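Remarks on the structure that follows.
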Amino acid sequence: MGKRQAPTAATWLSTAWDRGGMLIVFLLLFFYASVGVSNFFTPTNLVYSLGLSVTTTGIVACGMLFCLASGDFDLSVGSVAAFAGMFSAVLLDKMGGSLVAVVVCLAACAVVGAFNGVVIAVFGINALITTLATMQIVRGLAYLLNDGNSLGISSTTFAQLGTGHFIGLPMPIWTLLLCLVAFGLLLHKTVFGRNTLAIGGNKEAARLAGVPTSRTKIAIFMLQAVLAGLAGVVSAAQQQLGDPKGMVGLELRVISACVLGGVSLTGGIGSIYHVVVGVLIMGTAQNIMDLKSVPTFYQYLISGAILLAAVLLDRMKRR
């Protein structure tokens, strides 16, 4: 037997960067903000500005992780989140029960996700076209719910989802942490998670190996829609308002965060660690721009540059 070849320095550096490179980027960014940006490293900013600002993106990114890991993506999440916030406001206005409103709202989002999954997995329509169409349809439904007007929420019980506290932390942060733990375990410790990564790595090989590819994809898009709905409900509870015009661009922020953290756009590669790092980088960059009062149009330029950088990093890693 031949000798095992020792890894070269380039190989070692490549592996080290793949495993912890973006974490180093986040730590450097966090260090810069802590010493160079006024009021960044304060409990109020870290919890109520940075912490709360990443909850919506982070919750939805837990589902986008599965979509990307399976080789697809979902552009309808922003519209689904806006629809969920608006639908919950209408249900509370008509029915009054907070728990019933949340359950019915998430069930409606699951139907949207099932529709996406069936069209993509069973009828073989491209995810880009399918979710782009759903994005328009669901946004239209959000506008139709109250003739295009936003609707205030007066339920104090419902508001606790967005403004309540538990052991010193706001409820939205607890919701995000619960999603990260639950979906991290689902991806890394279950057959469903392994099937998701197998489909993204090689769909035909996964099918021949007995993986129920269609059922798995339908379930993935249902989970994604439910998480988008949950993010919309939490946001509506925070603002105590259902707004059909909200969540515009959420899908791009979520995909940017996932890919920036290390989830592959081509499928087969992804972990909850990648989601956490990507969401923290995006949130910290946004927080720095807010604290420095960067004009909105410059923020658009920077956000676009981050998305492009994420795609380029993904391409370089695959090469």
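Lettering and numbering for the structure tokens are positional, with chains as A, B, ... in the shown order, residues counted from 1 in each chain, and ligands counted from 1 in the shown order.
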Practice item. Using only C-alpha atoms, determine which residues lie at most 12 Å from Thr57 (chain A), disregarding the query and same-chain residues fewer than 2 positions distant; provide the list as an NGL selection string. Key: :A and (50-55 or 59-65 or 77-78 or 81 or 172-173 or 176 or 179-180 or 227-228 or 230-232 or 234-235 or 247 or 249-258 or 275-276 or 278-283)
Exercise for review: Using only C-alpha atoms, determine which residues lie at most 12 Å from Ser155 (chain A), disregarding the query and same-chain residues fewer than 4 positions distant; provide the list as a list of chain:residue names.
Suggested key: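 After dropping sequence-adjacent residues, the list is A:Ser88, A:Ala89, A:Val90, A:Leu91, A:Leu92, A:Asp93, A:Lys94, A:Met95, A:Gly96, A:Gly97, A:Ser98, A:Leu99, A:Ala101, A:Ala159, A:Gln160, A:Leu161, A:Gly162, A:Thr163, A:Ala236, A:Ala237, A:Gln238, A:Gln239, A:Gln240, A:Leu241.
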Atoms kept (N, CA and C atoms) for selection, written as a PDB file, in the first residue's frame:
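Written file, selection-v4.pdb:
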ATOM      1  N   SER A  88     -53.291  37.426  10.434  1.00  0.00           N
ATOM      2  CA  SER A  88     -53.455  37.333  11.887  1.00  0.00           C
ATOM      3  C   SER A  88     -54.172  38.560  12.434  1.00  0.00           C
ATOM      4  N   ALA A  89     -53.879  39.745  11.880  1.00  0.00           N
ATOM      5  CA  ALA A  89     -54.560  40.959  12.323  1.00  0.00           C
ATOM      6  C   ALA A  89     -56.052  40.898  12.014  1.00  0.00           C
ATOM      7  N   VAL A  90     -56.392  40.405  10.827  1.00  0.00           N
ATOM      8  CA  VAL A  90     -57.806  40.284  10.437  1.00  0.00           C
ATOM      9  C   VAL A  90     -58.518  39.257  11.315  1.00  0.00           C
ATOM     10  N   LEU A  91     -57.872  38.113  11.562  1.00  0.00           N
ATOM     11  CA  LEU A  91     -58.482  37.082  12.401  1.00  0.00           C
ATOM     12  C   LEU A  91     -58.712  37.581  13.820  1.00  0.00           C
ATOM     13  N   LEU A  92     -57.748  38.317  14.365  1.00  0.00           N
ATOM     14  CA  LEU A  92     -57.906  38.870  15.705  1.00  0.00           C
ATOM     15  C   LEU A  92     -59.040  39.888  15.745  1.00  0.00           C
ATOM     16  N   ASP A  93     -59.169  40.658  14.676  1.00  0.00           N
ATOM     17  CA  ASP A  93     -60.230  41.665  14.609  1.00  0.00           C
ATOM     18  C   ASP A  93     -61.611  41.016  14.529  1.00  0.00           C
ATOM     19  N   LYS A  94     -61.694  39.876  13.823  1.00  0.00           N
ATOM     20  CA  LYS A  94     -62.995  39.230  13.617  1.00  0.00           C
ATOM     21  C   LYS A  94     -63.331  38.216  14.708  1.00  0.00           C
ATOM     22  N   MET A  95     -62.282  37.472  15.180  1.00  0.00           N
ATOM     23  CA  MET A  95     -62.538  36.355  16.090  1.00  0.00           C
ATOM     24  C   MET A  95     -62.091  36.637  17.527  1.00  0.00           C
ATOM     25  N   GLY A  96     -60.944  37.277  17.675  1.00  0.00           N
ATOM     26  CA  GLY A  96     -60.485  37.648  19.014  1.00  0.00           C
ATOM     27  C   GLY A  96     -59.525  36.671  19.666  1.00  0.00           C
ATOM     28  N   GLY A  97     -59.590  35.377  19.395  1.00  0.00           N
ATOM     29  CA  GLY A  97     -58.723  34.406  20.056  1.00  0.00           C
ATOM     30  C   GLY A  97     -57.318  34.401  19.498  1.00  0.00           C
ATOM     31  N   SER A  98     -56.322  34.706  20.323  1.00  0.00           N
ATOM     32  CA  SER A  98     -54.943  34.814  19.843  1.00  0.00           C
ATOM     33  C   SER A  98     -54.395  33.484  19.370  1.00  0.00           C
ATOM     34  N   LEU A  99     -54.578  32.426  20.166  1.00  0.00           N
ATOM     35  CA  LEU A  99     -54.036  31.118  19.802  1.00  0.00           C
ATOM     36  C   LEU A  99     -54.689  30.598  18.531  1.00  0.00           C
ATOM     37  N   ALA A 101     -56.054  32.353  16.176  1.00  0.00           N
ATOM     38  CA  ALA A 101     -55.597  33.185  15.054  1.00  0.00           C
ATOM     39  C   ALA A 101     -54.228  32.736  14.566  1.00  0.00           C
ATOM     40  N   ALA A 159     -49.876  40.456  21.515  1.00  0.00           N
ATOM     41  CA  ALA A 159     -48.718  41.351  21.527  1.00  0.00           C
ATOM     42  C   ALA A 159     -47.550  40.784  22.325  1.00  0.00           C
ATOM     43  N   GLN A 160     -47.842  39.879  23.290  1.00  0.00           N
ATOM     44  CA  GLN A 160     -46.776  39.286  24.092  1.00  0.00           C
ATOM     45  C   GLN A 160     -45.791  38.487  23.242  1.00  0.00           C
ATOM     46  N   LEU A 161     -46.247  37.982  22.087  1.00  0.00           N
ATOM     47  CA  LEU A 161     -45.347  37.256  21.186  1.00  0.00           C
ATOM     48  C   LEU A 161     -44.213  38.145  20.682  1.00  0.00           C
ATOM     49  N   GLY A 162     -44.488  39.442  20.592  1.00  0.00           N
ATOM     50  CA  GLY A 162     -43.488  40.357  20.063  1.00  0.00           C
ATOM     51  C   GLY A 162     -42.885  41.291  21.086  1.00  0.00           C
ATOM     52  N   THR A 163     -43.613  41.563  22.177  1.00  0.00           N
ATOM     53  CA  THR A 163     -43.133  42.552  23.152  1.00  0.00           C
ATOM     54  C   THR A 163     -42.889  41.967  24.530  1.00  0.00           C
ATOM     55  N   ALA A 236     -45.705  41.162  13.341  1.00  0.00           N
ATOM     56  CA  ALA A 236     -46.977  41.860  13.555  1.00  0.00           C
ATOM     57  C   ALA A 236     -47.225  42.089  15.039  1.00  0.00           C
ATOM     58  N   ALA A 237     -46.848  41.107  15.870  1.00  0.00           N
ATOM     59  CA  ALA A 237     -47.007  41.257  17.315  1.00  0.00           C
ATOM     60  C   ALA A 237     -46.081  42.340  17.866  1.00  0.00           C
ATOM     61  N   GLN A 238     -44.863  42.445  17.300  1.00  0.00           N
ATOM     62  CA  GLN A 238     -43.935  43.493  17.716  1.00  0.00           C
ATOM     63  C   GLN A 238     -44.490  44.880  17.403  1.00  0.00           C
ATOM     64  N   GLN A 239     -44.975  45.036  16.176  1.00  0.00           N
ATOM     65  CA  GLN A 239     -45.459  46.342  15.725  1.00  0.00           C
ATOM     66  C   GLN A 239     -46.916  46.586  16.104  1.00  0.00           C
ATOM     67  N   GLN A 240     -47.601  45.488  16.524  1.00  0.00           N
ATOM     68  CA  GLN A 240     -49.044  45.525  16.798  1.00  0.00           C
ATOM     69  C   GLN A 240     -49.786  46.090  15.585  1.00  0.00           C
ATOM     70  N   LEU A 241     -49.388  45.570  14.435  1.00  0.00           N
ATOM     71  CA  LEU A 241     -49.932  46.064  13.168  1.00  0.00           C
ATOM     72  C   LEU A 241     -49.758  45.001  12.088  1.00  0.00           C
TER      73      LEU A 241
END
Practice item. Find the residue from A:Gly304, A:Leu312, A:Phe41, A:Leu178 that sits nearest to Val259 (chain A); use only C-alpha atoms when measuring. Key: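 Among the listed residues, the smallest separation from Val259 (chain A) belongs to A:Leu312.
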Point to revise | Shell of 9 Å around Met86 (chain A), only C-alpha atoms, local chain residues under 6 positions omitted, as a list of chain:residue names | key: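 Listing them by chain and then by number gives A:Ala142, A:Tyr143, A:Leu145, A:Asn146, A:Ser150, A:Leu151, A:Gly232, A:Val233, A:Ala236, A:Leu241, A:Gly242, A:Asp243, A:Pro244.
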Dump of N, CA and C atoms for the selected residues, as a compact mmCIF listing (two decimals), in the first residue's frame:
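Output contents, as saved in selection.txt:
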# COMPACT_ATOMS: atom_id res chain seq x y z
N ALA A 142 -52.64 39.38 0.51
CA ALA A 142 -52.41 40.23 1.68
C ALA A 142 -53.09 41.60 1.50
N TYR A 143 -53.02 42.14 0.30
CA TYR A 143 -53.69 43.42 0.02
C TYR A 143 -55.21 43.28 0.06
N LEU A 145 -57.04 41.36 1.87
CA LEU A 145 -57.61 41.09 3.19
C LEU A 145 -58.24 42.31 3.83
N ASN A 146 -57.69 43.50 3.55
CA ASN A 146 -58.26 44.71 4.15
C ASN A 146 -58.22 45.88 3.17
N SER A 150 -53.38 48.81 6.09
CA SER A 150 -52.85 48.13 7.27
C SER A 150 -53.94 48.07 8.34
N LEU A 151 -53.75 47.20 9.32
CA LEU A 151 -54.78 47.01 10.35
C LEU A 151 -54.10 46.87 11.70
N GLY A 232 -43.73 36.44 10.21
CA GLY A 232 -44.71 37.50 9.98
C GLY A 232 -45.59 37.74 11.18
N VAL A 233 -45.99 36.67 11.87
CA VAL A 233 -46.82 36.80 13.07
C VAL A 233 -46.04 37.51 14.18
N ALA A 236 -45.71 41.16 13.34
CA ALA A 236 -46.98 41.86 13.56
C ALA A 236 -47.22 42.09 15.04
N LEU A 241 -49.39 45.57 14.43
CA LEU A 241 -49.93 46.06 13.17
C LEU A 241 -49.76 45.00 12.09
N GLY A 242 -50.80 44.78 11.31
CA GLY A 242 -50.69 43.96 10.11
C GLY A 242 -50.54 44.88 8.92
N ASP A 243 -49.47 44.67 8.14
CA ASP A 243 -49.17 45.58 7.03
C ASP A 243 -48.92 44.78 5.75
N PRO A 244 -49.80 44.90 4.76
CA PRO A 244 -49.62 44.13 3.51
C PRO A 244 -48.42 44.57 2.70
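Straight-line separation from CA of Leu141 (chain A) to CA of Gly58 (chain A): 24.7 Å.
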Region 65-209 of chain A: which residues are helix (DSSP H, G or I) by DSSP, as a short mmCIF file (atom, residue, chain, number, x, y, z; two decimals) with C-alpha atoms, in the first residue's frame?
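Writing done, so here's states.cif:
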data_model
loop_
_atom_site.label_atom_id
_atom_site.label_comp_id
_atom_site.auth_asym_id
_atom_site.auth_seq_id
_atom_site.Cartn_x
_atom_site.Cartn_y
_atom_site.Cartn_z
CA LEU A 65 -31.40 26.36 4.87
CA PHE A 66 -33.45 23.28 3.96
CA CYS A 67 -34.53 24.75 0.61
CA LEU A 68 -30.97 25.60 -0.39
CA ALA A 69 -29.56 22.34 0.97
CA VAL A 77 -41.13 34.13 1.89
CA GLY A 78 -41.44 37.93 2.12
CA SER A 79 -44.97 37.87 0.73
CA VAL A 80 -45.93 34.93 2.94
CA ALA A 81 -44.64 36.75 6.02
CA ALA A 82 -46.59 39.92 5.10
CA PHE A 83 -49.70 37.82 4.42
CA ALA A 84 -49.33 36.07 7.79
CA GLY A 85 -49.05 39.34 9.67
CA MET A 86 -52.05 40.77 7.85
CA PHE A 87 -54.12 37.58 8.15
CA SER A 88 -53.46 37.33 11.89
CA ALA A 89 -54.56 40.96 12.32
CA VAL A 90 -57.81 40.28 10.44
CA LEU A 91 -58.48 37.08 12.40
CA LEU A 92 -57.91 38.87 15.71
CA ASP A 93 -60.23 41.67 14.61
CA LYS A 94 -62.99 39.23 13.62
CA SER A 98 -54.94 34.81 19.84
CA LEU A 99 -54.04 31.12 19.80
CA VAL A 100 -56.72 30.29 17.25
CA ALA A 101 -55.60 33.18 15.05
CA VAL A 102 -51.96 32.04 15.12
CA VAL A 103 -52.81 28.38 14.39
CA VAL A 104 -55.18 29.24 11.52
CA CYS A 105 -52.66 31.69 10.10
CA LEU A 106 -49.79 29.16 10.15
CA ALA A 107 -52.08 26.50 8.65
CA ALA A 108 -52.88 28.85 5.76
CA CYS A 109 -49.15 29.41 5.22
CA ALA A 110 -48.59 25.65 5.22
CA VAL A 111 -51.11 25.38 2.37
CA VAL A 112 -49.10 27.94 0.39
CA GLY A 113 -45.93 25.95 1.03
CA ALA A 114 -47.62 22.69 0.01
CA PHE A 115 -48.72 24.35 -3.24
CA ASN A 116 -45.13 25.44 -3.94
CA GLY A 117 -43.82 21.97 -3.15
CA VAL A 118 -46.34 20.13 -5.32
CA VAL A 119 -45.80 22.39 -8.33
CA ILE A 120 -41.99 22.07 -8.01
CA ALA A 121 -41.65 18.41 -6.99
CA ALA A 127 -38.48 26.85 -8.21
CA LEU A 128 -37.62 30.33 -9.49
CA ILE A 129 -40.77 30.56 -11.63
CA THR A 130 -43.03 28.84 -9.09
CA THR A 131 -42.08 30.92 -6.06
CA LEU A 132 -41.91 34.12 -8.11
CA ALA A 133 -45.54 33.51 -9.12
CA THR A 134 -46.51 32.62 -5.55
CA MET A 135 -44.78 35.78 -4.32
CA GLN A 136 -47.14 37.89 -6.45
CA ILE A 137 -50.26 35.84 -5.66
CA VAL A 138 -49.76 35.84 -1.89
CA ARG A 139 -48.86 39.54 -1.84
CA GLY A 140 -52.12 40.19 -3.68
CA LEU A 141 -54.02 38.16 -1.08
CA ALA A 142 -52.41 40.23 1.68
CA TYR A 143 -53.69 43.42 0.02
CA LEU A 144 -57.17 41.95 -0.50
CA THR A 156 -52.47 42.33 24.53
CA THR A 157 -52.15 38.53 24.63
CA PHE A 158 -51.08 38.41 20.99
CA ALA A 159 -48.72 41.35 21.53
CA GLN A 160 -46.78 39.29 24.09
CA LEU A 161 -45.35 37.26 21.19
CA GLY A 162 -43.49 40.36 20.06
CA THR A 163 -43.13 42.55 23.15
CA MET A 171 -39.83 36.72 23.25
CA PRO A 172 -38.83 37.10 19.55
CA ILE A 173 -35.23 36.20 20.47
CA TRP A 174 -36.45 33.10 22.34
CA THR A 175 -38.52 32.18 19.29
CA LEU A 176 -35.43 32.47 17.08
CA LEU A 177 -33.30 30.40 19.47
CA LEU A 178 -35.97 27.70 19.60
CA CYS A 179 -36.11 27.58 15.78
CA LEU A 180 -32.32 27.36 15.50
CA VAL A 181 -32.14 24.45 17.95
CA ALA A 182 -35.15 22.61 16.51
CA PHE A 183 -34.15 22.91 12.86
CA GLY A 184 -30.49 22.28 13.62
CA LEU A 185 -31.48 18.96 15.19
CA LEU A 186 -33.88 18.25 12.32
CA LEU A 187 -31.13 18.72 9.72
CA HIS A 188 -28.26 17.02 11.50
CA LYS A 189 -29.89 14.30 13.60
CA VAL A 191 -33.42 10.93 8.41
CA PHE A 192 -35.36 13.87 6.98
CA GLY A 193 -32.29 16.09 7.31
CA ARG A 194 -30.01 13.51 5.70
CA ASN A 195 -32.51 13.06 2.87
CA THR A 196 -32.56 16.84 2.34
CA LEU A 197 -28.78 16.99 1.93
CA ALA A 198 -28.81 13.87 -0.27
CA ILE A 199 -31.35 15.40 -2.65
CA GLY A 200 -29.25 18.54 -2.93
CA GLY A 201 -26.07 16.56 -3.50
CA LYS A 203 -31.27 14.11 -6.68
CA GLU A 204 -31.24 11.12 -9.05
CA ALA A 205 -28.84 9.14 -6.87
CA ALA A 206 -30.99 9.93 -3.83
CA ARG A 207 -34.11 8.72 -5.65
CA LEU A 208 -32.40 5.48 -6.71
#
Point to revise | Among listed residues A:Ser303, A:Asn287, A:Thr296, A:Ser214, nearest Leu260 (chain A) (using only C-alpha atoms) | key: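 Ranked by minimum distance to Leu260 (chain A), first place goes to A:Ser303.
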Review point. Between CA of Ser76 (chain A) and CA of Leu223 (chain A), what is the distance, to one decimal in Å?
Key: 13.0 Å
Practice item. Would you kindly return, as a list in words, each protein, DNA or RNA residue with an atom no farther than 12 Å from any atom of Arg315 (chain A), considering only C-alpha atoms and excluding same-chain residues fewer than 4 positions away? Key: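 Here the qualifying residues turn out to be Val259, Leu260, Gly262, Val263, Ser264, Leu265, Thr266, Leu308, Ala309, Ala310, Val311 and Arg319 of chain A.
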Exercise for review: Would you please give, as a list of chain:residue names, all residues of region 13-179 of chain A that DSSP assigns to strand (DSSP E) based on the backbone?
Suggested key: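 DSSP-assigned strand (DSSP E) residues in region 13-179 of chain A: A:Leu151, A:Gly152, A:His165, A:Phe166, A:Leu169, A:Pro170.
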Serialized selection, C-alpha atoms, as a CSV table (one decimal), in the first residue's frame:
chain,number,residue,atom,x,y,z
A,151,LEU,CA,-54.8,47.0,10.3
A,152,GLY,CA,-54.0,47.7,14.0
A,165,HIS,CA,-40.0,39.0,28.0
A,166,PHE,CA,-38.7,35.7,29.5
A,169,LEU,CA,-34.8,38.4,26.9
A,170,PRO,CA,-37.5,39.5,24.4
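Take CA of Val122 (chain A) and CA of Val211 (chain A): the distance between them is 14.8 Å.
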